[in-house]
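Colleague: Submitted below is the structure of interest, expressed as structure tokens.
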Amino acid sequence: MPEANTPKIVTAAILVIGNEILSGRTRDTNMHFLAGKLTELGIRLREARVVPDDEARIVAAVNELRAAYDYVFTSGGIGPTHDDITADCIAKAFGVGIDVQPEARRRLEAHYEAGMLNAARLRMARIPDGAGLIDNPVSAAPGFCIGNVFVMAGVPAIFQAMVGSVAPQLVGGDKLLSRTIVAQVPEGVIAEKLQALQNDYPEIEMGSYPAFRGGKASTSVVLRGTDVERLAPAAARMHEIFRELGGNPVENEIV
């Protein structure tokens, strides 16, 4: 049985689907948005994977990710064209049928003018058996959720709206707090002392990120943890390390 002070960790992955992402034609912004939103909810995005519009690759990825993480979010491939195959792939991954769902059809009929709901658009109402709908306040065509998988559109505005729709039903763990300390000290100079600090605080995630500011090498050290009583002294020690190495540390972010 876990100790009382063991943090509750809830994990997630995002599966970005689409040839246009892999070809460089479209820049993915959904992962960045989702990571920020999940962090707010106390859910840790542990993996991001991009796959082409290939049934076997999508099915395999969905099954691997849903077995490994508490939540899986997919982005892309639920539109009206022939290459929008995500819904069929999700049905195959779960071993269920797929057909036009009456409520999904009703939403599309309410959205489109009479005669505009053609066969192509009706494809967006095809939902795997047993799945629940995800509201789409932007263009009506719903996403859906089945098991621990949330299937959403790739268009950023719609993806973000759908994330907003599902956020209230997501159950997070202990929130990850973050401290960022910056000083004009090269990353290679702090490496040894940063390793020692990590050894002293193994439960704190530590990362260093080099940059050039004002023509001088600088390093940002990001400390993340769930226990503020451990995070605070670790951050204080990082300030000391920078000062010992001739830097003038500043803290530019506390979340």
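How things are named: the first chain in the structure tokens is A, the next is B, and so on; residues count from 1 in each chain; ligands count from 1 in the order shown.
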I want to know what sits within 9 Å of Leu122 of chain A, based on only C-alpha atoms, with residues of the same chain fewer than 6 positions away left out; could you give that as a PDB file with N, CA, C and O atoms, in the first residue's frame?
Modeller:
ATOM      1  N   PRO A  80     -14.705  14.883 -43.095  1.00  0.00           N
ATOM      2  CA  PRO A  80     -15.627  14.288 -44.065  1.00  0.00           C
ATOM      3  C   PRO A  80     -14.976  13.614 -45.274  1.00  0.00           C
ATOM      4  O   PRO A  80     -15.698  13.095 -46.140  1.00  0.00           O
ATOM      5  N   VAL A 100     -23.579   5.411 -38.279  1.00  0.00           N
ATOM      6  CA  VAL A 100     -24.097   6.747 -38.006  1.00  0.00           C
ATOM      7  C   VAL A 100     -24.886   6.705 -36.702  1.00  0.00           C
ATOM      8  O   VAL A 100     -25.822   5.907 -36.555  1.00  0.00           O
ATOM      9  N   ARG A 105     -26.003  12.518 -35.760  1.00  0.00           N
ATOM     10  CA  ARG A 105     -26.693  12.966 -36.979  1.00  0.00           C
ATOM     11  C   ARG A 105     -27.607  14.145 -36.670  1.00  0.00           C
ATOM     12  O   ARG A 105     -27.665  15.114 -37.446  1.00  0.00           O
ATOM     13  N   LEU A 108     -25.685  17.368 -36.544  1.00  0.00           N
ATOM     14  CA  LEU A 108     -25.288  17.861 -37.863  1.00  0.00           C
ATOM     15  C   LEU A 108     -26.481  18.423 -38.617  1.00  0.00           C
ATOM     16  O   LEU A 108     -26.377  19.445 -39.306  1.00  0.00           O
TER      17      LEU A 108
END
Colleague: At a cut-off of 9 Å, using only C-alpha atoms, what residues contact Arg46 of chain A? Leave out same-chain residues fewer than 6 positions from it and give the result as a PyMOL selection string.
Modeller: chain A and resi 11-14+69
Colleague: Near Ser165 of chain A, counting only C-alpha atoms, which residues have an atom at most 8 Å away, once you skip same-chain residues fewer than 4 positions from it, shown as a PyMOL selection string?
Modeller: chain A and resi 134-136+161
Colleague: Restricting the calculation to only C-alpha atoms, which member of A:Pro102, A:Pro156, A:Gly36, A:Pro137 is positioned closest to Ala125 of chain A?
Modeller: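 Counting only C-alpha atoms, the residue closest to Ala125 of chain A is A:Pro102.
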Colleague: With only C-alpha atoms as the counted atoms, please give the residues lying no more than 12 Å from Leu176 of chain A, apart from itself and same-chain residues fewer than 2 positions off, as number ranges by chain.
Modeller: A: 7-11, 36, 38-45, 172-174, 178-179, 203-205, 222-228, 231, 254-255
Colleague: Suppose we keep N, CA and C atoms; can you now write the selection as a tab-separated table (two decimals), in the first residue's frame?
Modeller:
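Contents of again_6.tsv, as written:
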chain	number	residue	atom	x	y	z
A	7	PRO	N	2.70	10.97	-3.97
A	7	PRO	CA	1.83	11.76	-4.84
A	7	PRO	C	0.98	10.88	-5.75
A	8	LYS	N	-0.24	11.33	-5.97
A	8	LYS	CA	-1.12	10.64	-6.92
A	8	LYS	C	-0.75	11.14	-8.32
A	9	ILE	N	-0.31	10.24	-9.17
A	9	ILE	CA	0.13	10.62	-10.50
A	9	ILE	C	-0.86	10.07	-11.53
A	10	VAL	N	-1.40	10.95	-12.35
A	10	VAL	CA	-2.31	10.58	-13.44
A	10	VAL	C	-1.62	10.95	-14.75
A	11	THR	N	-1.60	10.01	-15.68
A	11	THR	CA	-0.81	10.20	-16.90
A	11	THR	C	-1.68	10.22	-18.15
A	36	GLY	N	-0.51	22.08	-21.64
A	36	GLY	CA	-0.79	23.14	-20.68
A	36	GLY	C	-2.08	22.91	-19.92
A	38	LEU	N	-3.67	20.02	-19.43
A	38	LEU	CA	-3.57	18.87	-18.55
A	38	LEU	C	-2.76	19.20	-17.29
A	39	THR	N	-1.72	20.00	-17.45
A	39	THR	CA	-0.94	20.42	-16.28
A	39	THR	C	-1.82	21.14	-15.28
A	40	GLU	N	-2.72	21.99	-15.77
A	40	GLU	CA	-3.65	22.70	-14.89
A	40	GLU	C	-4.54	21.73	-14.13
A	41	LEU	N	-4.84	20.58	-14.75
A	41	LEU	CA	-5.76	19.61	-14.16
A	41	LEU	C	-5.05	18.57	-13.30
A	42	GLY	N	-3.73	18.65	-13.23
A	42	GLY	CA	-2.99	17.66	-12.46
A	42	GLY	C	-2.78	16.36	-13.20
A	43	ILE	N	-2.74	16.43	-14.54
A	43	ILE	CA	-2.51	15.25	-15.38
A	43	ILE	C	-1.20	15.47	-16.13
A	44	ARG	N	-0.35	14.47	-16.13
A	44	ARG	CA	0.97	14.61	-16.75
A	44	ARG	C	0.98	14.00	-18.15
A	45	LEU	N	1.25	14.82	-19.12
A	45	LEU	CA	1.39	14.33	-20.49
A	45	LEU	C	2.74	13.65	-20.61
A	172	GLY	N	-7.80	14.43	-12.24
A	172	GLY	CA	-6.36	14.59	-12.17
A	172	GLY	C	-5.77	14.09	-10.87
A	173	GLY	N	-4.45	14.15	-10.78
A	173	GLY	CA	-3.74	13.78	-9.57
A	173	GLY	C	-3.21	15.03	-8.90
A	174	ASP	N	-2.16	14.86	-8.11
A	174	ASP	CA	-1.54	16.01	-7.46
A	174	ASP	C	-0.90	16.92	-8.51
A	178	SER	N	6.01	24.23	-10.39
A	178	SER	CA	7.22	24.49	-11.18
A	178	SER	C	7.92	25.75	-10.71
A	179	ARG	N	9.26	25.68	-10.63
A	179	ARG	CA	10.10	26.85	-10.34
A	179	ARG	C	11.16	26.92	-11.43
A	203	GLU	N	12.95	13.14	-5.88
A	203	GLU	CA	11.53	13.24	-6.22
A	203	GLU	C	11.21	14.50	-7.02
A	204	ILE	N	12.17	15.41	-7.16
A	204	ILE	CA	11.99	16.64	-7.93
A	204	ILE	C	12.52	16.43	-9.35
A	205	GLU	N	11.70	16.72	-10.35
A	205	GLU	CA	12.17	16.67	-11.73
A	205	GLU	C	13.02	17.91	-12.00
A	222	VAL	N	14.79	24.27	-14.52
A	222	VAL	CA	13.39	24.11	-14.16
A	222	VAL	C	13.27	22.96	-13.17
A	223	LEU	N	12.64	23.24	-12.05
A	223	LEU	CA	12.40	22.25	-11.00
A	223	LEU	C	10.90	22.01	-10.91
A	224	ARG	N	10.50	20.74	-10.92
A	224	ARG	CA	9.07	20.42	-10.86
A	224	ARG	C	8.84	19.34	-9.79
A	225	GLY	N	7.80	19.56	-9.00
A	225	GLY	CA	7.45	18.58	-7.98
A	225	GLY	C	6.07	18.85	-7.43
A	226	THR	N	5.55	17.91	-6.67
A	226	THR	CA	4.20	18.05	-6.11
A	226	THR	C	4.22	18.56	-4.67
A	227	ASP	N	5.37	18.52	-4.03
A	227	ASP	CA	5.49	18.89	-2.61
A	227	ASP	C	6.24	20.21	-2.49
A	228	VAL	N	5.52	21.27	-2.16
A	228	VAL	CA	6.15	22.59	-2.07
A	228	VAL	C	7.21	22.63	-0.97
A	231	LEU	N	10.13	21.31	-2.79
A	231	LEU	CA	10.49	22.12	-3.95
A	231	LEU	C	11.17	23.42	-3.53
A	254	ILE	N	6.97	31.13	-11.63
A	254	ILE	CA	6.53	30.22	-10.56
A	254	ILE	C	5.09	29.84	-10.87
A	255	VAL	N	4.82	28.56	-11.07
A	255	VAL	CA	3.47	28.09	-11.42
A	255	VAL	C	2.95	27.22	-10.30
Colleague: Compile the contact shell of Glu47 of chain A as a PyMOL selection string: residues with an atom at most 12 Å away, counting only C-alpha atoms, same-chain residues fewer than 3 positions apart removed.
Modeller: chain A and resi 11-16+31+34-35+44+50+61+64-66+68-74
Colleague: Pick from A:Ile241, A:Val62, A:Ile190, A:Ala48: nearest to Phe150 of chain A, with only C-alpha atoms counted?
Modeller: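 Smallest distance to Phe150 of chain A is found for A:Val62.
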Colleague: Near Tyr209 of chain A, counting only C-alpha atoms, which residues have an atom at most 10 Å away, once you skip same-chain residues fewer than 3 positions from it, shown as a list in words?
Modeller: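 Within the cut-off, the hits are Val182, Pro186, Glu187, Ser218, Thr219, Ser220, Val221 and Val222 of chain A.
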Colleague: Write out the residues from the selection above, keeping N, CA, C and O atoms, as a PDB file, in the first residue's frame.
Modeller:
ATOM      1  N   VAL A 182      17.016  31.307 -13.547  1.00  0.00           N
ATOM      2  CA  VAL A 182      17.844  31.641 -14.705  1.00  0.00           C
ATOM      3  C   VAL A 182      19.059  32.450 -14.261  1.00  0.00           C
ATOM      4  O   VAL A 182      18.955  33.320 -13.397  1.00  0.00           O
ATOM      5  N   PRO A 186      27.054  29.195 -18.042  1.00  0.00           N
ATOM      6  CA  PRO A 186      26.920  28.158 -19.070  1.00  0.00           C
ATOM      7  C   PRO A 186      26.446  26.826 -18.480  1.00  0.00           C
ATOM      8  O   PRO A 186      26.784  26.477 -17.336  1.00  0.00           O
ATOM      9  N   GLU A 187      25.680  26.089 -19.249  1.00  0.00           N
ATOM     10  CA  GLU A 187      25.118  24.824 -18.778  1.00  0.00           C
ATOM     11  C   GLU A 187      26.210  23.841 -18.355  1.00  0.00           C
ATOM     12  O   GLU A 187      26.064  23.135 -17.347  1.00  0.00           O
ATOM     13  N   SER A 218      23.641  31.500 -21.021  1.00  0.00           N
ATOM     14  CA  SER A 218      22.855  31.437 -19.790  1.00  0.00           C
ATOM     15  C   SER A 218      22.162  30.080 -19.710  1.00  0.00           C
ATOM     16  O   SER A 218      22.093  29.337 -20.702  1.00  0.00           O
ATOM     17  N   THR A 219      21.676  29.776 -18.545  1.00  0.00           N
ATOM     18  CA  THR A 219      20.997  28.503 -18.331  1.00  0.00           C
ATOM     19  C   THR A 219      19.748  28.733 -17.498  1.00  0.00           C
ATOM     20  O   THR A 219      19.782  29.445 -16.485  1.00  0.00           O
ATOM     21  N   SER A 220      18.657  28.110 -17.938  1.00  0.00           N
ATOM     22  CA  SER A 220      17.437  28.064 -17.135  1.00  0.00           C
ATOM     23  C   SER A 220      17.341  26.675 -16.520  1.00  0.00           C
ATOM     24  O   SER A 220      17.451  25.675 -17.234  1.00  0.00           O
ATOM     25  N   VAL A 221      17.152  26.617 -15.239  1.00  0.00           N
ATOM     26  CA  VAL A 221      16.943  25.336 -14.559  1.00  0.00           C
ATOM     27  C   VAL A 221      15.495  25.294 -14.078  1.00  0.00           C
ATOM     28  O   VAL A 221      15.041  26.190 -13.356  1.00  0.00           O
ATOM     29  N   VAL A 222      14.794  24.270 -14.515  1.00  0.00           N
ATOM     30  CA  VAL A 222      13.388  24.109 -14.162  1.00  0.00           C
ATOM     31  C   VAL A 222      13.270  22.958 -13.171  1.00  0.00           C
ATOM     32  O   VAL A 222      13.745  21.852 -13.424  1.00  0.00           O
TER      33      VAL A 222
END
Colleague: What does the structure give for the distance between atom CA of Val51 of chain A and atom CA of Lys37 of chain A, in Å to one decimal?
Modeller: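 Spanning atom CA of Val51 of chain A to atom CA of Lys37 of chain A is a straight-line distance of 22.6 Å.
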Colleague: Taking into account only C-alpha atoms, which residue in the set A:Asn19, A:Gln198, A:Ser139, A:Asn118 is nearest to Ile85 of chain A?
Modeller: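 Residue with the minimum atom-to-atom distance to Ile85 of chain A: A:Asn19.
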Colleague: Just want the 10 Å neighbourhood of Ile17 of chain A, counted on only C-alpha atoms, with same-chain residues fewer than 2 positions away dropped. Output as a VMD selection string.
Modeller: chain A and resid 14 to 15 19 to 22 49 to 54 57 to 58 74 to 78 84 to 86 153 to 154
Colleague: Rank A:Asn63, A:Gly95, A:Tyr201, A:Gly188 by their smallest atom-to-atom distance to Ala232 of chain A, using only C-alpha atoms, and report the top residue only.
Modeller: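 Of all the options, A:Tyr201 lies closest to Ala232 of chain A.
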Colleague: Give the strand (DSSP E) residues of segment 60-173 of chain A, as assigned by DSSP on the backbone, as a ChimeraX atom specification.
Modeller: /A:71-75,98-100,126-128,132-134,143-146,149-152
Colleague: Based on the selection just made, write N, CA and C atoms of those residues as a PDB file, in the first residue's frame.
Modeller:
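Produced file result-v5.pdb, reproduced below:
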ATOM      1  N   TYR A  71      -5.145   8.338 -19.646  1.00  0.00           N
ATOM      2  CA  TYR A  71      -5.949   8.977 -20.688  1.00  0.00           C
ATOM      3  C   TYR A  71      -5.151   9.026 -21.989  1.00  0.00           C
ATOM      4  N   VAL A  72      -5.866   8.893 -23.105  1.00  0.00           N
ATOM      5  CA  VAL A  72      -5.262   9.071 -24.426  1.00  0.00           C
ATOM      6  C   VAL A  72      -6.136  10.048 -25.198  1.00  0.00           C
ATOM      7  N   PHE A  73      -5.494  11.019 -25.826  1.00  0.00           N
ATOM      8  CA  PHE A  73      -6.195  12.004 -26.636  1.00  0.00           C
ATOM      9  C   PHE A  73      -5.684  11.887 -28.063  1.00  0.00           C
ATOM     10  N   THR A  74      -6.602  11.788 -29.034  1.00  0.00           N
ATOM     11  CA  THR A  74      -6.177  11.767 -30.417  1.00  0.00           C
ATOM     12  C   THR A  74      -6.592  13.064 -31.085  1.00  0.00           C
ATOM     13  N   SER A  75      -5.820  13.449 -32.086  1.00  0.00           N
ATOM     14  CA  SER A  75      -6.047  14.696 -32.805  1.00  0.00           C
ATOM     15  C   SER A  75      -5.973  14.422 -34.299  1.00  0.00           C
ATOM     16  N   ILE A  98     -19.231   0.231 -36.026  1.00  0.00           N
ATOM     17  CA  ILE A  98     -19.317   1.684 -36.211  1.00  0.00           C
ATOM     18  C   ILE A  98     -20.425   1.987 -37.199  1.00  0.00           C
ATOM     19  N   ASP A  99     -21.209   3.024 -36.916  1.00  0.00           N
ATOM     20  CA  ASP A  99     -22.301   3.418 -37.799  1.00  0.00           C
ATOM     21  C   ASP A  99     -22.698   4.848 -37.463  1.00  0.00           C
ATOM     22  N   VAL A 100     -23.579   5.411 -38.279  1.00  0.00           N
ATOM     23  CA  VAL A 100     -24.097   6.747 -38.006  1.00  0.00           C
ATOM     24  C   VAL A 100     -24.886   6.705 -36.702  1.00  0.00           C
ATOM     25  N   ARG A 126     -20.504   9.126 -37.994  1.00  0.00           N
ATOM     26  CA  ARG A 126     -20.189   7.715 -37.764  1.00  0.00           C
ATOM     27  C   ARG A 126     -19.360   7.586 -36.484  1.00  0.00           C
ATOM     28  N   ILE A 127     -19.932   6.903 -35.505  1.00  0.00           N
ATOM     29  CA  ILE A 127     -19.345   6.825 -34.171  1.00  0.00           C
ATOM     30  C   ILE A 127     -19.244   5.349 -33.767  1.00  0.00           C
ATOM     31  N   PRO A 128     -18.122   4.925 -33.214  1.00  0.00           N
ATOM     32  CA  PRO A 128     -18.011   3.535 -32.750  1.00  0.00           C
ATOM     33  C   PRO A 128     -19.100   3.190 -31.730  1.00  0.00           C
ATOM     34  N   GLY A 132     -19.304   7.708 -26.258  1.00  0.00           N
ATOM     35  CA  GLY A 132     -20.043   8.916 -25.930  1.00  0.00           C
ATOM     36  C   GLY A 132     -19.554  10.069 -26.784  1.00  0.00           C
ATOM     37  N   LEU A 133     -20.386  11.067 -26.968  1.00  0.00           N
ATOM     38  CA  LEU A 133     -20.034  12.195 -27.835  1.00  0.00           C
ATOM     39  C   LEU A 133     -19.300  13.293 -27.065  1.00  0.00           C
ATOM     40  N   ILE A 134     -18.402  13.960 -27.769  1.00  0.00           N
ATOM     41  CA  ILE A 134     -17.709  15.137 -27.246  1.00  0.00           C
ATOM     42  C   ILE A 134     -18.270  16.356 -27.963  1.00  0.00           C
ATOM     43  N   GLY A 143     -16.724  15.033 -31.502  1.00  0.00           N
ATOM     44  CA  GLY A 143     -15.720  14.021 -31.271  1.00  0.00           C
ATOM     45  C   GLY A 143     -16.389  12.924 -30.472  1.00  0.00           C
ATOM     46  N   PHE A 144     -15.603  12.001 -29.942  1.00  0.00           N
ATOM     47  CA  PHE A 144     -16.214  10.953 -29.123  1.00  0.00           C
ATOM     48  C   PHE A 144     -15.182  10.381 -28.165  1.00  0.00           C
ATOM     49  N   CYS A 145     -15.683   9.724 -27.129  1.00  0.00           N
ATOM     50  CA  CYS A 145     -14.805   9.060 -26.174  1.00  0.00           C
ATOM     51  C   CYS A 145     -15.269   7.624 -25.990  1.00  0.00           C
ATOM     52  N   ILE A 146     -14.303   6.736 -25.897  1.00  0.00           N
ATOM     53  CA  ILE A 146     -14.589   5.328 -25.673  1.00  0.00           C
ATOM     54  C   ILE A 146     -13.468   4.773 -24.798  1.00  0.00           C
ATOM     55  N   VAL A 149     -10.046   6.719 -24.138  1.00  0.00           N
ATOM     56  CA  VAL A 149      -9.568   7.396 -25.347  1.00  0.00           C
ATOM     57  C   VAL A 149     -10.546   8.493 -25.752  1.00  0.00           C
ATOM     58  N   PHE A 150     -10.015   9.696 -25.948  1.00  0.00           N
ATOM     59  CA  PHE A 150     -10.807  10.850 -26.359  1.00  0.00           C
ATOM     60  C   PHE A 150     -10.375  11.228 -27.770  1.00  0.00           C
ATOM     61  N   VAL A 151     -11.321  11.171 -28.692  1.00  0.00           N
ATOM     62  CA  VAL A 151     -11.022  11.348 -30.115  1.00  0.00           C
ATOM     63  C   VAL A 151     -11.537  12.709 -30.562  1.00  0.00           C
ATOM     64  N   MET A 152     -10.603  13.570 -31.025  1.00  0.00           N
ATOM     65  CA  MET A 152     -10.958  14.950 -31.299  1.00  0.00           C
ATOM     66  C   MET A 152     -10.410  15.425 -32.640  1.00  0.00           C
TER      67      MET A 152
END
